[in-house]
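Data from data.cif: mmCIF, C-alpha atoms
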data_work
#
loop_
_atom_site.label_atom_id
_atom_site.label_comp_id
_atom_site.auth_asym_id
_atom_site.auth_seq_id
_atom_site.Cartn_x
_atom_site.Cartn_y
_atom_site.Cartn_z
CA MET B 1 141.27 166.68 139.15
CA VAL B 2 141.82 169.32 136.54
CA LYS B 3 140.17 172.67 137.04
CA GLY B 4 137.56 173.56 134.42
CA SER B 5 139.22 176.86 133.73
CA GLY B 6 142.41 175.12 132.58
CA VAL B 7 141.08 174.04 129.22
CA GLY B 8 140.35 176.36 126.33
CA ARG B 9 143.55 178.35 126.74
CA PRO B 10 147.19 177.30 127.11
CA ARG B 11 148.54 176.96 130.64
CA ALA B 12 151.83 178.43 131.72
CA SER B 13 154.37 176.24 129.92
CA GLY B 14 157.32 174.31 131.26
CA ALA B 15 155.55 172.42 134.03
CA ALA B 16 157.25 169.20 135.09
CA ALA B 17 156.09 165.85 133.73
CA ASN B 18 155.47 164.66 137.25
CA ARG B 19 153.17 167.53 138.07
CA PRO B 20 150.36 165.61 139.74
CA ASP B 21 147.76 166.61 137.19
CA ALA B 22 149.99 166.41 134.10
CA ARG B 23 148.47 163.18 132.85
CA GLN B 24 144.94 164.48 133.32
CA ALA B 25 145.86 167.80 131.69
CA VAL B 26 147.03 165.92 128.60
CA LEU B 27 143.80 163.91 128.47
CA ASP B 28 141.68 167.01 128.86
CA ALA B 29 143.53 168.95 126.17
CA ALA B 30 143.47 165.95 123.83
CA GLY B 31 139.76 165.37 124.43
CA GLU B 32 139.03 168.91 123.38
CA LEU B 33 141.30 168.88 120.33
CA PHE B 34 140.35 165.37 119.10
CA THR B 35 136.62 166.14 119.26
CA GLY B 36 137.08 169.65 117.87
CA ALA B 37 139.77 169.81 115.21
CA GLY B 38 139.78 166.02 114.75
CA TYR B 39 142.15 163.23 115.71
CA ALA B 40 144.28 163.21 112.57
CA ALA B 41 144.61 167.00 112.50
CA THR B 42 145.82 167.16 116.10
CA THR B 43 149.55 166.84 116.79
CA THR B 44 151.05 165.79 120.12
CA ARG B 45 152.78 169.15 120.02
CA ALA B 46 149.44 170.96 119.96
CA ILE B 47 148.21 168.78 122.83
CA ALA B 48 151.29 169.52 124.94
CA GLU B 49 150.93 173.23 124.20
CA ARG B 50 147.26 173.28 125.18
CA ALA B 51 148.05 171.30 128.35
CA GLY B 52 150.89 173.67 129.24
CA LEU B 53 153.52 170.94 129.16
CA ARG B 54 156.68 170.28 127.21
CA GLN B 55 156.32 167.64 124.51
CA ALA B 56 158.88 165.48 126.33
CA SER B 57 156.63 165.55 129.40
CA LEU B 58 153.69 164.42 127.30
CA TYR B 59 155.74 161.50 125.92
CA TYR B 60 156.66 160.54 129.47
CA HIS B 61 153.00 159.80 130.11
CA PHE B 62 151.96 158.73 126.60
CA PRO B 63 154.62 157.36 124.23
CA ALA B 64 152.28 157.69 121.22
CA LYS B 65 149.23 159.74 120.21
CA GLU B 66 147.21 156.51 120.04
CA ASP B 67 147.97 155.91 123.71
CA ILE B 68 146.19 159.15 124.53
CA LEU B 69 143.22 158.06 122.42
CA ALA B 70 143.22 154.70 124.21
CA ALA B 71 143.20 156.36 127.64
CA LEU B 72 140.38 158.71 126.63
CA LEU B 73 138.24 155.93 125.19
CA ALA B 74 138.86 153.74 128.25
CA GLU B 75 137.12 156.44 130.32
CA THR B 76 134.01 156.06 128.16
CA VAL B 77 133.52 152.34 128.89
CA ARG B 78 135.17 151.41 132.21
CA PRO B 79 132.65 153.01 134.59
CA SER B 80 129.77 151.37 132.69
CA LEU B 81 131.60 148.05 132.60
CA ALA B 82 132.10 148.19 136.38
CA LEU B 83 128.43 149.04 136.86
CA ALA B 84 127.36 146.19 134.55
CA ALA B 85 129.38 143.75 136.68
CA ARG B 86 127.63 144.94 139.84
CA LEU B 87 124.23 144.75 138.12
CA ALA B 88 124.87 141.30 136.66
CA ASP B 89 123.32 139.09 139.28
CA GLY B 90 121.20 141.33 141.44
CA PRO B 91 117.67 140.34 142.43
CA ALA B 92 116.04 143.20 140.47
CA PRO B 93 114.09 142.34 137.30
CA ALA B 94 116.12 142.43 134.08
CA ALA B 95 114.13 145.40 132.77
CA VAL B 96 115.11 147.44 135.84
CA ARG B 97 118.78 146.50 135.53
CA LEU B 98 118.74 147.24 131.79
CA TRP B 99 117.15 150.64 132.36
CA ALA B 100 119.72 151.40 135.08
CA LEU B 101 122.69 150.41 132.92
CA ALA B 102 121.43 152.36 129.90
CA TYR B 103 120.66 155.40 132.06
CA ALA B 104 124.14 155.47 133.58
CA ASP B 105 125.89 154.66 130.29
CA ILE B 106 124.06 157.27 128.20
CA GLY B 107 124.66 159.70 131.06
CA LEU B 108 128.38 158.98 130.95
CA LEU B 109 128.61 159.39 127.16
CA GLY B 110 126.23 162.32 126.98
CA GLY B 111 127.42 164.20 130.04
CA ALA B 112 131.19 163.88 129.76
CA ARG B 113 133.02 167.13 129.23
CA HIS B 114 134.06 166.18 125.69
CA ASN B 115 132.01 164.13 123.24
CA LEU B 116 134.43 161.20 123.18
CA GLY B 117 131.88 158.75 121.76
CA ALA B 118 132.27 160.71 118.53
CA LEU B 119 135.74 159.11 118.26
CA TYR B 120 134.42 155.53 118.13
CA LEU B 121 134.33 155.52 114.35
CA LEU B 122 137.93 156.62 113.86
CA PRO B 123 139.92 154.14 111.77
CA GLU B 124 142.59 154.25 114.51
CA VAL B 125 140.20 152.38 116.82
CA GLY B 126 141.18 149.30 114.81
CA SER B 127 144.88 149.60 115.61
CA PRO B 128 146.79 147.32 118.05
CA ASN B 129 147.18 150.13 120.62
CA LEU B 130 143.40 150.22 120.97
CA ALA B 131 142.97 146.47 121.48
CA ARG B 132 142.14 146.84 125.15
CA PHE B 133 139.45 149.44 124.45
CA ARG B 134 137.92 147.17 121.80
CA THR B 135 137.88 144.29 124.29
CA GLU B 136 136.31 146.37 127.06
CA ARG B 137 133.68 147.80 124.71
CA ALA B 138 132.89 144.26 123.54
CA GLU B 139 132.56 143.16 127.18
CA LEU B 140 130.16 146.01 127.86
CA LYS B 141 128.10 145.01 124.84
CA ALA B 142 128.08 141.40 126.07
CA ALA B 143 126.78 142.61 129.44
CA TYR B 144 123.90 144.36 127.64
CA GLY B 145 123.37 141.13 125.75
CA ARG B 146 122.95 139.13 128.96
CA LEU B 147 120.38 141.63 130.22
CA VAL B 148 118.56 141.53 126.87
CA ALA B 149 118.50 137.72 127.08
CA ALA B 150 117.27 137.86 130.69
CA SER B 151 114.46 140.19 129.55
CA GLY B 152 112.77 137.30 127.80
CA VAL B 153 113.83 138.05 124.23
CA ALA B 154 113.81 134.88 122.10
CA PRO B 155 117.34 133.41 122.00
CA ALA B 156 117.56 133.75 118.20
CA ALA B 157 116.79 137.48 118.44
CA VAL B 158 119.19 138.37 121.27
CA GLY B 159 122.17 139.12 119.03
CA ILE B 160 120.55 141.66 116.72
CA ARG B 161 118.41 143.13 119.52
CA THR B 162 121.63 143.74 121.50
CA ASP B 163 123.26 145.36 118.45
CA LEU B 164 120.30 147.76 118.27
CA VAL B 165 120.30 148.52 122.01
CA PHE B 166 124.03 149.21 122.01
CA GLY B 167 123.64 151.32 118.86
CA LEU B 168 120.88 153.36 120.46
CA VAL B 169 122.96 153.96 123.62
CA GLU B 170 126.01 155.05 121.67
CA SER B 171 123.97 157.23 119.30
CA ILE B 172 123.96 159.91 122.02
CA ALA B 173 127.36 160.91 120.56
CA VAL B 174 125.80 161.86 117.20
CA ILE B 175 122.80 163.52 118.84
CA ARG B 176 125.14 165.56 121.01
CA ARG B 177 127.34 166.52 118.07
CA ASP B 178 124.26 167.70 116.15
CA ASP B 179 122.95 169.74 119.09
CA PRO B 180 125.61 170.83 121.58
CA GLU B 181 122.93 172.65 123.62
CA LEU B 182 121.10 169.37 124.24
CA ASP B 183 119.03 168.78 127.39
CA VAL B 184 121.26 165.87 128.44
CA GLU B 185 119.15 164.74 131.42
CA ALA B 186 115.99 164.50 129.30
CA HIS B 187 117.86 162.55 126.62
CA VAL B 188 119.35 160.17 129.17
CA ARG B 189 115.93 159.38 130.68
CA GLU B 190 114.24 159.07 127.28
CA GLY B 191 117.16 157.01 125.99
CA ALA B 192 116.87 154.51 128.87
CA ASP B 193 113.10 154.34 128.29
CA GLY B 194 113.80 153.80 124.60
CA VAL B 195 116.14 150.88 125.33
CA VAL B 196 113.40 149.14 127.32
CA ARG B 197 110.84 149.70 124.54
CA LEU B 198 113.35 148.67 121.87
CA VAL B 199 113.99 145.36 123.62
CA GLY B 200 110.25 144.70 123.48
CA LEU B 201 109.30 145.30 127.10
CA GLY B 202 106.86 148.14 126.39
CA ASP B 203 106.75 151.53 128.09
CA PRO B 204 108.66 151.55 131.37
CA SER B 205 106.50 152.49 134.36
CA ASP B 206 107.34 155.15 136.93
CA GLU B 207 107.86 152.29 139.40
CA LEU B 208 110.45 150.68 137.13
CA ARG B 209 112.34 153.97 136.86
CA ALA B 210 112.18 154.57 140.62
CA GLU B 211 113.45 151.05 141.32
CA ALA B 212 116.32 151.57 138.87
CA HIS B 213 117.29 154.86 140.53
CA THR B 214 117.24 153.18 143.96
CA LEU B 215 119.42 150.39 142.61
CA LEU B 216 121.91 152.85 141.11
CA ALA B 217 122.08 154.81 144.36
CA ALA B 218 122.69 151.61 146.34
CA LEU B 219 125.44 150.44 143.99
CA ALA B 220 127.13 153.84 144.12
CA GLU B 221 127.58 153.61 147.91
CA MET W 222 127.83 152.29 86.39
CA VAL W 223 131.24 151.23 87.52
CA LYS W 224 132.10 147.57 87.31
CA GLY W 225 132.70 145.92 90.66
CA SER W 226 136.02 144.58 89.52
CA GLY W 227 137.38 148.10 89.06
CA VAL W 228 137.88 148.79 92.73
CA GLY W 229 140.50 147.20 94.93
CA ARG W 230 143.28 147.52 92.38
CA PRO W 231 144.46 150.48 90.30
CA ARG W 232 143.03 150.85 86.80
CA ALA W 233 145.16 151.51 83.77
CA SER W 234 146.25 155.10 84.29
CA GLY W 235 145.91 158.09 82.01
CA ALA W 236 142.22 157.79 81.24
CA ALA W 237 140.58 161.03 80.19
CA ALA W 238 138.66 163.14 82.70
CA ASN W 239 135.60 162.89 80.51
CA ARG W 240 135.62 159.13 80.52
CA PRO W 241 131.94 158.51 81.18
CA ASP W 242 132.56 156.71 84.46
CA ALA W 243 135.41 158.93 85.70
CA ARG W 244 133.30 160.73 88.27
CA GLN W 245 131.86 157.48 89.59
CA ALA W 246 135.31 155.88 89.64
CA VAL W 247 136.57 158.70 91.85
CA LEU W 248 133.62 158.28 94.23
CA ASP W 249 134.11 154.55 94.40
CA ALA W 250 137.83 154.81 95.08
CA ALA W 251 137.30 157.57 97.65
CA GLY W 252 134.54 155.61 99.41
CA GLU W 253 136.89 152.70 99.84
CA LEU W 254 139.84 154.79 101.01
CA PHE W 255 137.88 157.13 103.30
CA THR W 256 136.18 154.24 105.10
CA GLY W 257 139.37 152.15 105.16
CA ALA W 258 142.46 154.28 105.73
CA GLY W 259 140.40 157.25 106.93
CA TYR W 260 139.47 160.63 105.46
CA ALA W 261 142.41 162.64 106.79
CA ALA W 262 144.94 159.97 105.81
CA THR W 263 143.69 159.78 102.21
CA THR W 264 145.19 162.15 99.62
CA THR W 265 143.50 163.13 96.37
CA ARG W 266 146.57 161.65 94.73
CA ALA W 267 145.84 158.24 96.28
CA ILE W 268 142.21 158.52 95.16
CA ALA W 269 143.21 159.38 91.59
CA GLU W 270 145.66 156.50 91.54
CA ARG W 271 143.09 154.01 92.82
CA ALA W 272 140.55 155.31 90.30
CA GLY W 273 143.06 155.04 87.46
CA LEU W 274 142.91 158.73 86.64
CA ARG W 275 145.37 161.61 86.55
CA GLN W 276 145.07 163.98 89.50
CA ALA W 277 144.14 166.78 87.09
CA SER W 278 141.20 164.69 85.91
CA LEU W 279 140.06 164.20 89.47
CA TYR W 280 140.20 167.97 90.06
CA TYR W 281 138.12 168.49 86.91
CA HIS W 282 135.26 166.66 88.67
CA PHE W 283 136.04 167.62 92.27
CA PRO W 284 138.00 170.82 92.97
CA ALA W 285 138.60 169.79 96.61
CA LYS W 286 138.72 166.60 98.67
CA GLU W 287 135.74 167.84 100.67
CA ASP W 288 133.72 167.97 97.44
CA ILE W 289 134.25 164.23 97.08
CA LEU W 290 133.14 163.71 100.67
CA ALA W 291 130.06 165.87 100.00
CA ALA W 292 129.13 163.85 96.92
CA LEU W 293 129.57 160.55 98.78
CA LEU W 294 127.50 161.68 101.76
CA ALA W 295 124.78 163.04 99.46
CA GLU W 296 124.29 159.47 98.19
CA THR W 297 123.55 158.34 101.75
CA VAL W 298 120.60 160.70 102.27
CA ARG W 299 119.06 161.68 98.91
CA PRO W 300 117.30 158.41 98.08
CA SER W 301 115.75 158.30 101.58
CA LEU W 302 114.80 161.96 101.34
CA ALA W 303 113.04 161.32 98.02
CA LEU W 304 111.25 158.33 99.53
CA ALA W 305 110.21 160.35 102.59
CA ALA W 306 108.64 162.97 100.30
CA ARG W 307 106.62 160.29 98.51
CA LEU W 308 105.57 158.74 101.83
CA ALA W 309 104.65 162.07 103.39
CA ASP W 310 100.97 162.22 102.66
CA GLY W 311 99.94 158.74 101.66
CA PRO W 312 96.81 157.12 103.07
CA ALA W 313 98.77 154.39 104.92
CA PRO W 314 98.97 154.54 108.73
CA ALA W 315 101.94 156.45 110.12
CA ALA W 316 103.40 153.25 111.62
CA VAL W 317 103.45 151.61 108.17
CA ARG W 318 105.09 154.64 106.59
CA LEU W 319 107.63 154.90 109.40
CA TRP W 320 108.51 151.20 109.09
CA ALA W 321 108.86 151.60 105.31
CA LEU W 322 111.13 154.66 105.58
CA ALA W 323 113.33 153.06 108.27
CA TYR W 324 113.53 149.80 106.30
CA ALA W 325 114.66 151.57 103.12
CA ASP W 326 116.97 153.97 104.93
CA ILE W 327 118.74 151.32 107.05
CA GLY W 328 118.96 149.20 103.90
CA LEU W 329 120.64 152.08 102.05
CA LEU W 330 123.16 152.74 104.83
CA GLY W 331 123.72 149.08 105.67
CA GLY W 332 123.79 147.70 102.14
CA ALA W 333 125.87 150.33 100.33
CA ARG W 334 129.18 149.09 99.02
CA HIS W 335 131.16 151.24 101.43
CA ASN W 336 130.15 152.07 105.00
CA LEU W 337 129.73 155.78 104.33
CA GLY W 338 127.62 156.39 107.44
CA ALA W 339 130.85 155.87 109.36
CA LEU W 340 131.95 159.26 107.96
CA TYR W 341 129.09 161.21 109.61
CA LEU W 342 131.18 162.00 112.68
CA LEU W 343 134.13 163.48 110.79
CA PRO W 344 134.89 167.04 111.88
CA GLU W 345 134.91 167.98 108.17
CA VAL W 346 131.14 167.42 108.09
CA GLY W 347 130.92 170.81 109.83
CA SER W 348 132.71 172.68 107.04
CA PRO W 349 131.00 175.03 104.53
CA ASN W 350 131.49 172.58 101.64
CA LEU W 351 129.26 170.11 103.47
CA ALA W 352 126.42 172.58 104.15
CA ARG W 353 124.12 170.97 101.61
CA PHE W 354 124.61 167.52 103.11
CA ARG W 355 123.88 168.88 106.57
CA THR W 356 120.69 170.49 105.25
CA GLU W 357 119.52 167.35 103.47
CA ARG W 358 120.25 165.17 106.50
CA ALA W 359 118.30 167.64 108.68
CA GLU W 360 115.41 167.47 106.19
CA LEU W 361 115.43 163.68 106.39
CA LYS W 362 115.38 163.85 110.16
CA ALA W 363 112.48 166.31 110.00
CA ALA W 364 110.59 163.85 107.78
CA TYR W 365 111.07 161.15 110.44
CA GLY W 366 109.86 163.70 112.97
CA ARG W 367 106.59 164.25 111.08
CA LEU W 368 105.98 160.50 110.97
CA VAL W 369 106.80 160.20 114.68
CA ALA W 370 104.32 163.02 115.40
CA ALA W 371 101.69 161.36 113.19
CA SER W 372 102.19 158.13 115.16
CA GLY W 373 100.46 159.66 118.15
CA VAL W 374 103.53 160.54 120.22
CA ALA W 375 102.79 163.41 122.64
CA PRO W 376 103.91 166.70 121.05
CA ALA W 377 106.38 167.44 123.87
CA ALA W 378 108.08 164.06 123.29
CA VAL W 379 108.37 164.21 119.48
CA GLY W 380 111.76 165.97 119.43
CA ILE W 381 113.71 163.57 121.62
CA ARG W 382 111.85 160.53 120.28
CA THR W 383 112.89 161.59 116.76
CA ASP W 384 116.50 162.03 117.90
CA LEU W 385 116.43 158.45 119.18
CA VAL W 386 114.79 157.04 116.05
CA PHE W 387 117.28 158.80 113.78
CA GLY W 388 120.13 157.66 116.04
CA LEU W 389 118.94 154.06 115.86
CA VAL W 390 118.67 154.18 112.06
CA GLU W 391 122.15 155.65 111.63
CA SER W 392 123.67 153.27 114.19
CA ILE W 393 123.78 150.63 111.44
CA ALA W 394 127.11 152.26 110.47
CA VAL W 395 128.72 151.34 113.81
CA ILE W 396 127.14 147.88 113.82
CA ARG W 397 128.46 147.28 110.32
CA ARG W 398 131.93 148.55 111.22
CA ASP W 399 132.02 146.20 114.23
CA ASP W 400 130.89 143.21 112.16
CA PRO W 401 131.63 143.47 108.45
CA GLU W 402 130.10 139.99 107.90
CA LEU W 403 126.73 141.21 109.17
CA ASP W 404 123.44 139.69 107.96
CA VAL W 405 122.30 143.02 106.52
CA GLU W 406 118.77 141.94 105.60
CA ALA W 407 118.06 140.66 109.11
CA HIS W 408 119.41 143.87 110.63
CA VAL W 409 117.35 146.03 108.28
CA ARG W 410 114.13 144.18 109.18
CA GLU W 411 114.89 144.15 112.92
CA GLY W 412 115.98 147.79 112.75
CA ALA W 413 112.69 148.87 111.17
CA ASP W 414 110.81 146.81 113.79
CA GLY W 415 112.94 148.48 116.46
CA VAL W 416 112.05 151.97 115.21
CA VAL W 417 108.34 151.18 115.55
CA ARG W 418 108.83 149.80 119.08
CA LEU W 419 111.08 152.71 120.03
CA VAL W 420 108.44 155.23 119.00
CA GLY W 421 106.05 153.46 121.36
CA LEU W 422 103.84 151.61 118.88
CA GLY W 423 104.63 148.14 120.20
CA ASP W 424 105.66 145.11 118.16
CA PRO W 425 104.90 145.54 114.47
CA SER W 426 102.61 142.86 113.09
CA ASP W 427 103.24 140.77 109.98
CA GLU W 428 100.38 142.71 108.36
CA LEU W 429 102.12 146.02 109.05
CA ARG W 430 105.34 144.75 107.47
CA ALA W 431 103.48 143.36 104.45
CA GLU W 432 101.64 146.65 103.95
CA ALA W 433 104.94 148.56 104.17
CA HIS W 434 106.55 146.28 101.58
CA THR W 435 103.57 146.75 99.26
CA LEU W 436 103.84 150.51 99.73
CA LEU W 437 107.57 150.50 98.97
CA ALA W 438 107.03 148.40 95.86
CA ALA W 439 104.27 150.77 94.64
CA LEU W 440 106.43 153.86 95.24
CA ALA W 441 109.37 152.29 93.41
CA GLU W 442 107.35 151.91 90.20
#
Represent the structure from my file as C-alpha cells, please.
Amino acid sequence: MVKGSGVGRPRASGAAANRPDARQAVLDAAGELFTGAGYAATTTRAIAERAGLRQASLYYHFPAKEDILAALLAETVRPSLALAARLADGPAPAAVRLWALAYADIGLLGGARHNLGALYLLPEVGSPNLARFRTERAELKAAYGRLVAASGVAPAAVGIRTDLVFGLVESIAVIRRDDPELDVEAHVREGADGVVRLVGLGDPSDELRAEAHTLLAALAE
Amino acid sequence: MVKGSGVGRPRASGAAANRPDARQAVLDAAGELFTGAGYAATTTRAIAERAGLRQASLYYHFPAKEDILAALLAETVRPSLALAARLADGPAPAAVRLWALAYADIGLLGGARHNLGALYLLPEVGSPNLARFRTERAELKAAYGRLVAASGVAPAAVGIRTDLVFGLVESIAVIRRDDPELDVEAHVREGADGVVRLVGLGDPSDELRAEAHTLLAALAE
C-alpha cells in the first residue's frame, strides 16, 4: 500500500524500479494527474517525477502511458465484477442483489481516492490497449442486465433499462467532479435506492437495505 | 445552416472568414474532431482544414480553441434552459413538466449530430473560458431541482435526488458512445420515464406522456 502522504508532492527521486510499491506509486501519481491536469496533458515524465521514480523505472512497469490508464481503469471495475459473480446465483431476491451491487459499485467509484470514472469518456478508452477494460466493463454491465431481467422487467425493456441503470451508477463520476466535497455515503445509499426505483421496483424498504447489507457483509468474509 | 455533406471531408480552402456559414462550419468540424480524435489531440489548424477555412479566419470567429469548446457546449444546454424557463410556472403537474424537460433534454443530447455531452468531463471545462457554460449548466440543473421539489420529494432529499436525475439525463452521452447505433427515440422515451420513476413518482402513465407531448408542442409554437 502507498501511504496517503506520498501523493501531492514528489518523493525522493532515484528509487529502484523494483521498490515494492513502485507500481502502486505510479498508479497513484497517474490517477492524480490524469484526473487533474487531464490524460493528454500528462506526460510519463511528469508521472515518474510525481511518483519519485526514474522514467526508466516507470517503463519497466508500464511500457506505455495507455498501460497505466488500463491498470487504473481495471481497478474501477474488477472489484464490482467479482462481487457481481458472487451475487449472481444467491437465494436473495433480485432487488436485494441489485441494490447490493449498485451500493458497492457506486461506493467504489465515488469513494476511490481519485475520480477515475471521469476517465471513461476519454477517446483513448477505444484503443487496443484498453480492450480488456472494455470487456470487463461490458461484463459488469451484463451482470447488471441479468439482475434487471431477474427483477421482472419485461424482456423487451431489459436492454434500455440496463443502459439507464449502468448510466446512473457511473454518473457518480460527474456528480463527484461537480462537487468534490460530496457526502459520498449519502449519495451511495440514494444511488442504490435510485437504481431500484429506476428499474421499476418502487421505493426500497428498510428491510431490503438491511438484507443487502447483510449479504454484502457475508460475501466480504 | 451547414449542409450535412460538408463534414467528413475538407471543403475547398480559402473561403473568406465572413462566409455566412464559416462560424457554423468551424463548430461542425470541431464537434466531429473533439468527439472523435479528442479535444487535446485536435489542433485549431486541423479544425480550420476540416472546415475549409484559413486558420486566420477561424481565429476571427474564435480567438482560442477553448472558445470553440465553449460555443459547442453552449448548444447542449441553452435550448433546454430556455424550455425549462417556459415550463417553470405552467399549470401542468410537476411530473408532466419533469417528463417533458427530460424528454427534450435527453433528445437534444442524444440526437445532436456529434456526441458533445461526452466532452463534459474534460478538464478544460473548469477553465475561465468555460465559466458561462458552467453557469448555464448549473442553472439547468437548478431548474430540474425546482421540478423535483415540486414533485413532492422531501426537502432534505431534493439535492441528491436532483444530482441523480441530472446524472441520468446526461448519461445518454456514455450510452451513445458505447453504442453509436442506438435507437435514440426509444432511449429518450425510456430515459424520461426513468427520470419520473427515479424521482419516486412511479411508472408514468400514457396520459402523463401524452400531456407532456401536448405541452412541448404548445411551447414550441
**Asked** Which distance in Å separates atom CA of B:Ala29 and atom CA of W:Leu337, to one decimal?
**Response** 29.0 Å
**Message:** Give me, as a VMD selection string, the residues of chain B touching chain W, with the criterion being at most 6 Å (counting all atoms listed in the file).
**Reply:** chain B and resid 38 123 167 to 168 171 194 197 to 198
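Proximity of B:Leu69, B:Pro93, B:Glu32, B:Ala154 to B:Ala46, computed with all atoms listed in the file, is greatest for B:Glu32.
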**Prompt:** Given the choices W:Leu330, W:Ala433, W:Leu351, W:Ala371, which gets closest to W:Glu287 if the distance is worked out from all atoms listed in the file?
**Reply:** W:Leu351
**Asked** Near B:Phe133, counting only C-alpha atoms, which residues have an atom at most 12 Å away, once you skip same-chain residues fewer than 5 positions from it, shown as a PyMOL selection string?
**Response** chain B and resi 66-78+81+120+124-128+138-140
**Message:** Running the PyMOL selection byres ((chain W and resi 363-365) around 9) on this model by hand, what would come out? Give it as number ranges by chain.
**Reply:** W: 302, 305-306, 309, 319, 322-323, 358-362, 366-370, 383, 386-387
Would you mind putting back N, CA, C and O atoms on stretch 360-373 of chain W, then writing it out as an mmCIF file, in the frame of the given file?
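Saved as result26.cif:
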data_model
loop_
_atom_site.group_PDB
_atom_site.id
_atom_site.type_symbol
_atom_site.label_atom_id
_atom_site.label_comp_id
_atom_site.auth_asym_id
_atom_site.auth_seq_id
_atom_site.Cartn_x
_atom_site.Cartn_y
_atom_site.Cartn_z
ATOM 1 N N GLU W 360 116.737 167.624 106.800
ATOM 2 C CA GLU W 360 115.410 167.470 106.190
ATOM 3 C C GLU W 360 114.903 166.041 106.348
ATOM 4 O O GLU W 360 113.715 165.805 106.604
ATOM 5 N N LEU W 361 115.818 165.085 106.214
ATOM 6 C CA LEU W 361 115.430 163.680 106.390
ATOM 7 C C LEU W 361 114.981 163.441 107.823
ATOM 8 O O LEU W 361 113.968 162.791 108.078
ATOM 9 N N LYS W 362 115.745 164.001 108.759
ATOM 10 C CA LYS W 362 115.380 163.850 110.160
ATOM 11 C C LYS W 362 114.006 164.492 110.438
ATOM 12 O O LYS W 362 113.182 163.930 111.170
ATOM 13 N N ALA W 363 113.767 165.636 109.821
ATOM 14 C CA ALA W 363 112.480 166.310 110.000
ATOM 15 C C ALA W 363 111.339 165.449 109.439
ATOM 16 O O ALA W 363 110.229 165.416 109.999
ATOM 17 N N ALA W 364 111.620 164.733 108.349
ATOM 18 C CA ALA W 364 110.590 163.850 107.780
ATOM 19 C C ALA W 364 110.272 162.714 108.750
ATOM 20 O O ALA W 364 109.100 162.352 108.944
ATOM 21 N N TYR W 365 111.320 162.139 109.383
ATOM 22 C CA TYR W 365 111.070 161.150 110.440
ATOM 23 C C TYR W 365 110.229 161.782 111.540
ATOM 24 O O TYR W 365 109.307 161.170 112.070
ATOM 25 N N GLY W 366 110.568 163.017 111.900
ATOM 26 C CA GLY W 366 109.860 163.700 112.970
ATOM 27 C C GLY W 366 108.378 163.834 112.683
ATOM 28 O O GLY W 366 107.545 163.654 113.575
ATOM 29 N N ARG W 367 108.020 164.122 111.419
ATOM 30 C CA ARG W 367 106.590 164.250 111.080
ATOM 31 C C ARG W 367 105.882 162.903 111.188
ATOM 32 O O ARG W 367 104.734 162.829 111.619
ATOM 33 N N LEU W 368 106.589 161.831 110.832
ATOM 34 C CA LEU W 368 105.980 160.500 110.970
ATOM 35 C C LEU W 368 105.852 160.111 112.448
ATOM 36 O O LEU W 368 104.873 159.487 112.847
ATOM 37 N N VAL W 369 106.870 160.477 113.236
ATOM 38 C CA VAL W 369 106.800 160.200 114.680
ATOM 39 C C VAL W 369 105.608 160.954 115.278
ATOM 40 O O VAL W 369 104.825 160.394 116.053
ATOM 41 N N ALA W 370 105.444 162.220 114.892
ATOM 42 C CA ALA W 370 104.320 163.020 115.400
ATOM 43 C C ALA W 370 102.998 162.409 114.964
ATOM 44 O O ALA W 370 102.049 162.327 115.750
ATOM 45 N N ALA W 371 102.930 161.950 113.713
ATOM 46 C CA ALA W 371 101.690 161.360 113.190
ATOM 47 C C ALA W 371 101.387 160.013 113.831
ATOM 48 O O ALA W 371 100.273 159.501 113.725
ATOM 49 N N SER W 372 102.386 159.430 114.511
ATOM 50 C CA SER W 372 102.190 158.130 115.160
ATOM 51 C C SER W 372 101.471 158.255 116.494
ATOM 52 O O SER W 372 101.246 157.253 117.167
ATOM 53 N N GLY W 373 101.196 159.480 116.901
ATOM 54 C CA GLY W 373 100.460 159.660 118.150
ATOM 55 C C GLY W 373 101.348 159.938 119.353
ATOM 56 O O GLY W 373 100.868 159.918 120.486
#
